[in-house]
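S.K.: Sharing a structure here in structure tokens format.
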Amino acid sequence: PVPQGEHLLLYYSGSNLGQCEAFAAQTERIYGGGVAIMKRDRFAAQRAEGDKPGYLITREFILEGKTLTVNAVSDTRVDRKTGLRVEVFRHPPIGEHADYYHAEGGGYSYAYDGYKMDDSVTAVGDNTAFRITWKGKDLTPLVGKPVYLRFELNNMDLYGFRVE
């Protein structure tokens with residue numbers, strides 16, 4: 001792949017004959033080439049599709065950056081509600097796993113204050129670097145703390161995320 005801005009160019013060539021056939025064939029060999037273009041880091045995605053949102057949770061990690069960016073794309077069909085939000089939470093204290101997740105509240109009881117799902121600004125569209133914020137805040141107050149990220153996807157493809 002050849003990087004070009006936020007795209008990757010994948011050059012390829014082809015022929016009407018295979019490699020082994022070329023030596024034995026009596027027909028004229030015809031060559032062709034082309035280029036495939038894709039956005040960076042979009043080899044595989046986690047997809048949430050349908051009426052209900054899908055969720056992904058990361059492993060616990062020590063937050064070392066203050067900015068979260070995601071590589072994602074919305075479903076472009078007009079009849080679809082789309083969006084991506086992120087919640088930042090911590091591991092519950094030992095012995096308190098029973099009330100860890102509240103299905104009726106749609107969230108985790110150990111989300112950091114100001115970083116709950118409802119605080120997250122919804123990302124919609126097609127971008128290799130959506131900057132995620134929580135009511136305008138970045139992750140600065142949480143740097144150095146152990147965190148999990150919980151992604152909520154509504155008719156979205158999530159290709160990756162980065163904390164810087």
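Chains: A, B, ... in order of the structure tokens. Residues: from 1 per chain. Ligands: from 1, in order shown.
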Go through chain A and collect every residue that DSSP, computed from the backbone, puts in alpha helix (DSSP H); the answer should be as an MDAnalysis selection string.

M.R.: chainID A and resid 19:24

S.K.: Per DSSP on the backbone, what are the strand (DSSP E or B) residues of chain A, as a PyMOL selection string?

M.R.: chain A and resi 2-4+7-15+31-39+46-48+54-57+61-62+68-74+83-89+101-102+107-108+111+120+123+126-132+134+137+146-154+156-163

S.K.: Calculated over only C-alpha atoms, which of the candidates A:Thr67, A:Thr76, A:Asn16, A:Thr140 has the smallest distance to Glu28 of chain A?

M.R.: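 Looking only at the distances to Glu28 of chain A, the closest residue turns out to be A:Asn16.
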
S.K.: So which one's closest to Leu68 of chain A, A:Lys145, A:Lys52, A:Arg131, A:Arg80? Using only C-alpha atoms, please.

M.R.: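 Under the stated criterion, the closest residue is A:Arg131.
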
S.K.: Tell me which protein, DNA and RNA residues are within 9 Å of segment 120-129 of chain A, counting only C-alpha atoms, leaving out same-chain ones fewer than 2 positions away, and put them as a count of residues only.

M.R.: 36

S.K.: Leaving out segment 57-66 of chain A and any residue of its chain fewer than 5 positions from it, which residues lie within 7 Å of it when counting only C-alpha atoms, given as JSON, numbers by chain?

M.R.: {"A": [138, 139, 140, 142, 143, 144, 145, 146, 147, 148, 149, 150, 151, 163, 164]}

S.K.: Neighbours of Gly50 of chain A within 8 Å (only C-alpha atoms; same-chain residues fewer than 2 positions away dropped), as a list in words?

M.R.: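 Selected residues are Ala48, Lys52, Pro53, Asn154 and Asn155 of chain A.
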
S.K.: Return the single residue from A:Arg77, A:Asp113, A:Thr27, A:Val2 that is closest to Pro141 of chain A, with distances computed using only C-alpha atoms.

M.R.: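 Distance minimum relative to Pro141 of chain A lands on A:Asp113.
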